[in-house]
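The block underneath contains the structure these notes are about, expressed in structure tokens.
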Amino acid sequence: MINTKEIQAIDSAHYMHPFTDHKSLSDKGSRIITKADGIYIWDSTGEKILDAMSGLWCVNVGYGRKELVDAAAKQMLELPYYNSFFQTTNVPAVKLAEKIIKLAGDDYSHVFFSSSGSESNDTNVRMVRHYWATLGQPERTVIISRNNAYHGSTLVGSSLGGMGGMHAQGGMISGIEHIEQPYHYGMAPNQDRDAFGIEAAGWLEKKILEVGADKVAAFIGEPVQGAGGVIIPPKTYWPEIQRICDKYGILLICDEVICGFGRLGKWFGSQLLGCKPDLMTFAKGVTSGYIPLGGVVVGKRVAKVLIEQGGEFNHGYTYSGHPTACAVALANIEIMEREGLVDKVLNETGPYLAQKYAELAKHPLVGGAETLGLVAGFVLMKDKSNHVHFDEEVGVGMICRGHCFANGLIMRAVGDRMIIAPPLVITKVQIDEMVALIQKCLDATLADLK
Ligand code: PLP
């Protein structure tokens with residue numbers, strides 16, 4: 001039995017957490033998560049919690065999968081680690097690269113491995129700049145991204161990202177430009193959604209012309225912005241982004257760290273949303289978070305230049321192609337295929353969640369409820385018929401999140417947006433349970449605000 005107070009005291013004394021205000025943490029103490037199974041986690045007080053965020057958008061096959069443990073153990077006994085530098089390789093990394101290319105489709109030929117989404121986006125920047133330099137256009141260095149995007153927490157990742165709080169703490173790299181996100185409900189709710197999608201994509205063209213097309217290396221975007229509040233773009237957005245990138249010969253990078261590996265009902269989000277990125281970042285769902293692994297799926301256009309003309313690419317990580325991580329990823333993908341999880345999201349659980357959210361949209365606090373596959377979000381509105389938001393000082397998202405915390409539900413607040421991304425194994429009955437909990441927390445939030 002864990003002594004909660006003792007662990008909390010040690011935690012507060014020695015463990016510096018990511019994205020945490022430690023002063024506020026030492027007042028209350030951290031919640032200690034001790035075990036997990038399926039879509040549920042338990043804390044050290046024995047409370048069962050429905051994890052509607054899949055950890056950090058990653059536990060796609062759910063918790064407690066012995067097959068993944070067995071795959072890791074088997075690989076660790078055989079070859080726990082070896083690197084892929086100096087013309088060496090290992091079987092799990094090779095097989096995983098082959099598998100990912102099969103899932104990505106004919107436009108892709110290679111995979112570069114890392115251990116996280118952030119590292120993979122660092123790789124993207126190195127790769128696209130090296131690509132253009134190899135083609136004799138070294139001045140093409142600028143990468144265009146979007147406000148409120150999340151591309152990781154390394155210097156490159158946070159510079160690519162558009163998170164105000166991260167930029168405010170300084171140290172960003174140069175050569176990154178940002179445009180507005182395609183947030184229809186937040187920016188132009190009265191405009192036709194598809195027309196807004198075209199207009200929002202047009203901001204990319206405007207930025208390209210401002211920077212000079214011959215200076216722009218790439219555009220990067222999450223198919224659906226996740227940490228920025230689950231911003232689902234109009235269906236016209238990505239095809240128009242693709243058209244603009246093609247028009248100016250600019251590389252397109254989709255950051256599939258959240259959307260990849262089934263979250264939207266396809267292996268990669270871009271396959272659903274109508275674009276064909278030159279590079280795709282992945283991490284999280286590739287191993288369902290059981291072990292760190294990330295990477296970049298490289299399209300033929302880039303791979304051909306780098307391989308045939310690029311010489312040595314002076315870039316790589318100790319854990320690139322880590323055999324144990326790759327073995328777990330292979331086992332994870334096998335589970336997803338055997339259980340038909342991706343199709344299930346597309347045809348069964350995704351549409352069911354959409355139906356449940358359409359009902360939830362009737363709640364007086366809920367504005368702009370939207371889902372795509374198994375991501376969903378809505379805005380907590382003060383007066384939704386007149387489109388009036390709460391003042392920031394009210395902290396409505398935090399009030400609602402507090403009720404989730406108290407009622408055994410993990411749901412995330414991003415400003416006044418409440419978002420979810422449950423494990424892909426969630427059943428319809430469990431979706432009912434999750435939405436009933438959300439409803440309860442909304443009622444409690446409403447009561448607090450009266
Ligand atoms: N890209 C996206 C879209 C993400 O959501 C995240 C993490 O949430 C990252 C990159 C960074 O991944 P990591 O935390 O593994 O570095």
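Residue numbering restarts at 1 for every chain of the structure tokens, chains are lettered A, B, ... in their displayed order, and ligands are numbered from 1 as they appear.
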Counting only C-alpha atoms and all ligand atoms, which residues of chain A sit at most 9 Å from some atom of ligand 1, and what is each one's closest atom pair with its distance in Å to one decimal, listed by chain and rising residue number, as a Markdown table?
| residue | atom | partner | partner_atom_place_in_ligand_line | distance |
| --- | --- | --- | --- | --- |
| A:Leu56 | CA | ligand 1 | 8 (O) | 6.6 |
| A:Trp57 | CA | ligand 1 | 8 (O) | 7.2 |
| A:Cys58 | CA | ligand 1 | 8 (O) | 8.8 |
| A:Ser115 | CA | ligand 1 | 15 (O) | 7.3 |
| A:Ser116 | CA | ligand 1 | 15 (O) | 3.7 |
| A:Gly117 | CA | ligand 1 | 12 (O) | 3.3 |
| A:Ser118 | CA | ligand 1 | 16 (O) | 3.5 |
| A:Glu119 | CA | ligand 1 | 16 (O) | 6.2 |
| A:Ser120 | CA | ligand 1 | 16 (O) | 7.8 |
| A:Asn121 | CA | ligand 1 | 10 (C) | 7.1 |
| A:Ala149 | CA | ligand 1 | 3 (C) | 7.6 |
| A:Tyr150 | CA | ligand 1 | 2 (C) | 5.3 |
| A:His151 | CA | ligand 1 | 1 (N) | 3.8 |
| A:Gly152 | CA | ligand 1 | 11 (C) | 3.5 |
| A:Ser153 | CA | ligand 1 | 16 (O) | 6.2 |
| A:Thr154 | CA | ligand 1 | 16 (O) | 7.5 |
| A:Gly157 | CA | ligand 1 | 10 (C) | 7.1 |
| A:Gly161 | CA | ligand 1 | 1 (N) | 8.5 |
| A:Gly221 | CA | ligand 1 | 3 (C) | 8.1 |
| A:Glu222 | CA | ligand 1 | 3 (C) | 5.6 |
| A:Pro223 | CA | ligand 1 | 3 (C) | 8.7 |
| A:Val224 | CA | ligand 1 | 3 (C) | 8.5 |
| A:Gln225 | CA | ligand 1 | 3 (C) | 6.9 |
| A:Gly226 | CA | ligand 1 | 5 (O) | 5.9 |
| A:Ala227 | CA | ligand 1 | 5 (O) | 5.9 |
| A:Gly228 | CA | ligand 1 | 5 (O) | 8.8 |
| A:Cys254 | CA | ligand 1 | 3 (C) | 8.8 |
| A:Asp255 | CA | ligand 1 | 3 (C) | 5.4 |
| A:Glu256 | CA | ligand 1 | 3 (C) | 6.1 |
| A:Val257 | CA | ligand 1 | 3 (C) | 4.7 |
| A:Ile258 | CA | ligand 1 | 5 (O) | 5.3 |
| A:Cys259 | CA | ligand 1 | 3 (C) | 7.7 |
| A:Thr281 | CA | ligand 1 | 1 (N) | 7.4 |
| A:Phe282 | CA | ligand 1 | 1 (N) | 7.8 |
| A:Ala283 | CA | ligand 1 | 15 (O) | 6.0 |
| A:Lys284 | CA | ligand 1 | 15 (O) | 6.4 |
| A:Pro292 | CA | ligand 1 | 15 (O) | 7.6 |
| A:Leu293 | CA | ligand 1 | 15 (O) | 7.9 |
| A:Gly294 | CA | ligand 1 | 15 (O) | 7.1 |
field: strand (DSSP E or B) residues, from DSSP on the backbone, in segment 123-338 of chain A, as a PyMOL selection string
entry: chain A and resi 142-146+176-179+216-221+225+231+251-255+279-282+294-299
message: If we count only C-alpha atoms and set the cut-off at 12 Å, which residues sit around Lys428 of chain A, ignoring sequence neighbours fewer than 6 positions away in its own chain? Please answer as a PyMOL selection string.
response: chain A and resi 344-345+348-356+374+422+434-435
query: Which one is closest to Ile232 of chain A: A:Gly197, A:Gly62, A:Pro92, A:Gly408? Count only C-alpha atoms.
result: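 That would be A:Gly197, the residue with the smallest distance to Ile232 of chain A.
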statement: Among A:Ala444, A:Leu424, A:Val379, A:Leu204, Cys400 of chain A is approached most closely, using only C-alpha atoms, by A:Ala444
Which residues, written as a short mmCIF file (atom, residue, chain, number, x, y, z; two decimals) with C-alpha atoms, in the first residue's frame, have at least one atom at most 9 Å from Arg140 of chain A, with only C-alpha atoms counted and residues fewer than 2 positions away on the same chain left out?
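Result went into around06.cif, see below:
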data_model
loop_
_atom_site.label_atom_id
_atom_site.label_comp_id
_atom_site.auth_asym_id
_atom_site.auth_seq_id
_atom_site.Cartn_x
_atom_site.Cartn_y
_atom_site.Cartn_z
CA VAL A 128 13.83 20.17 -44.97
CA ARG A 129 16.68 22.66 -44.69
CA TRP A 132 16.69 22.64 -50.05
CA ALA A 133 20.42 23.18 -49.56
CA GLN A 137 18.44 26.63 -52.68
CA PRO A 138 20.01 27.13 -49.21
CA VAL A 142 11.68 29.56 -43.33
CA ILE A 143 9.06 27.23 -41.90
CA ALA A 213 8.28 32.12 -51.86
CA ASP A 214 11.98 31.49 -52.55
CA LYS A 215 12.70 31.73 -48.80
CA VAL A 216 10.03 29.29 -47.62
CA ALA A 217 11.08 25.70 -46.98
CA ALA A 218 7.92 24.17 -45.59
#
task: Would you list the contacts of Arg243 of chain A as number ranges by chain, taking every protein, DNA or RNA residue within 12 Å and counting only C-alpha atoms, but skipping same-chain residues closer than 2 positions in sequence?
output: A: 198, 201-202, 204-205, 236-241, 245-252, 274-277
query: What's the 8 Å shell around segment 30-38 of chain A, counting only C-alpha atoms, without same-chain residues fewer than 2 positions away, as a list in words?
result: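 In the requested form, the answer reads Thr4, Gln8, Asp11, Ser12, Leu25, Ser26, Lys28, Tyr40, Ile41, Trp42, Asp43, Ser44, Val61, Gly62, Tyr63, Gly64 and Val425 of chain A.
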task: For Asn314 of chain A, please output as a PyMOL selection string all residues within 12 Å (counting only C-alpha atoms; exclusion window: fewer than 4 positions along the same chain).
output: chain A and resi 85-86+123+126-127+130+306+310
message: Using DSSP secondary structure from the backbone, list all helix (DSSP H, G or I) positions within segment 192-240 of chain A, as a list in words.
response: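 Those in segment 192-240 of chain A that DSSP calls helix (DSSP H, G or I) are Arg193, Asp194, Ala195, Phe196, Gly197, Ile198, Glu199, Ala200, Ala201, Gly202, Trp203, Leu204, Glu205, Lys206, Lys207, Ile208, Leu209, Glu210, Val211, Ala213, Asp214, Lys215, Tyr237, Trp238, Pro239 and Glu240 of chain A.
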Keeping C-alpha atoms, export the residues of the selection given above as an mmCIF file, in the first residue's frame.
data_model
loop_
_atom_site.group_PDB
_atom_site.id
_atom_site.type_symbol
_atom_site.label_atom_id
_atom_site.label_comp_id
_atom_site.auth_asym_id
_atom_site.auth_seq_id
_atom_site.Cartn_x
_atom_site.Cartn_y
_atom_site.Cartn_z
ATOM 1 C CA ARG A 193 -17.737 26.828 -42.723
ATOM 2 C CA ASP A 194 -16.310 25.731 -46.060
ATOM 3 C CA ALA A 195 -15.748 29.300 -47.197
ATOM 4 C CA PHE A 196 -13.922 29.954 -43.911
ATOM 5 C CA GLY A 197 -11.706 26.918 -44.582
ATOM 6 C CA ILE A 198 -10.622 28.384 -47.932
ATOM 7 C CA GLU A 199 -10.059 31.789 -46.378
ATOM 8 C CA ALA A 200 -7.997 30.315 -43.502
ATOM 9 C CA ALA A 201 -5.808 28.363 -45.934
ATOM 10 C CA GLY A 202 -5.366 31.603 -47.870
ATOM 11 C CA TRP A 203 -3.490 33.063 -44.876
ATOM 12 C CA LEU A 204 -0.694 30.647 -45.801
ATOM 13 C CA GLU A 205 -0.459 32.090 -49.307
ATOM 14 C CA LYS A 206 -0.439 35.613 -47.887
ATOM 15 C CA LYS A 207 2.433 34.685 -45.558
ATOM 16 C CA ILE A 208 4.373 32.976 -48.369
ATOM 17 C CA LEU A 209 4.126 36.138 -50.477
ATOM 18 C CA GLU A 210 5.118 38.302 -47.488
ATOM 19 C CA VAL A 211 8.212 36.185 -46.709
ATOM 20 C CA ALA A 213 8.284 32.117 -51.860
ATOM 21 C CA ASP A 214 11.977 31.492 -52.555
ATOM 22 C CA LYS A 215 12.702 31.731 -48.803
ATOM 23 C CA TYR A 237 -8.903 23.591 -45.444
ATOM 24 C CA TRP A 238 -6.308 20.870 -46.045
ATOM 25 C CA PRO A 239 -6.928 20.384 -49.803
ATOM 26 C CA GLU A 240 -6.488 24.153 -50.212
#
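Minimum distance to Ile307 of chain A across A:Tyr131, A:Gln169, A:Glu433, A:Thr445 (counting only C-alpha atoms) occurs at A:Tyr131.
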message: My list of candidates is A:Val342, A:Ile253, A:Val396, A:Val230. Which is closest to Ile420 of chain A when distances are computed with only C-alpha atoms?
response: A:Val230
query: Interatomic distance between atom CA of His184 of chain A and atom CA of Leu273 of chain A?
result: 16.2 Å
Minimum-distance residue to Ile144 of chain A, chosen among A:Thr89, A:Ser174, A:Ser84, A:Ser114 (using only C-alpha atoms):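 Using only C-alpha atoms, Ile144 of chain A sits closest to A:Ser174.
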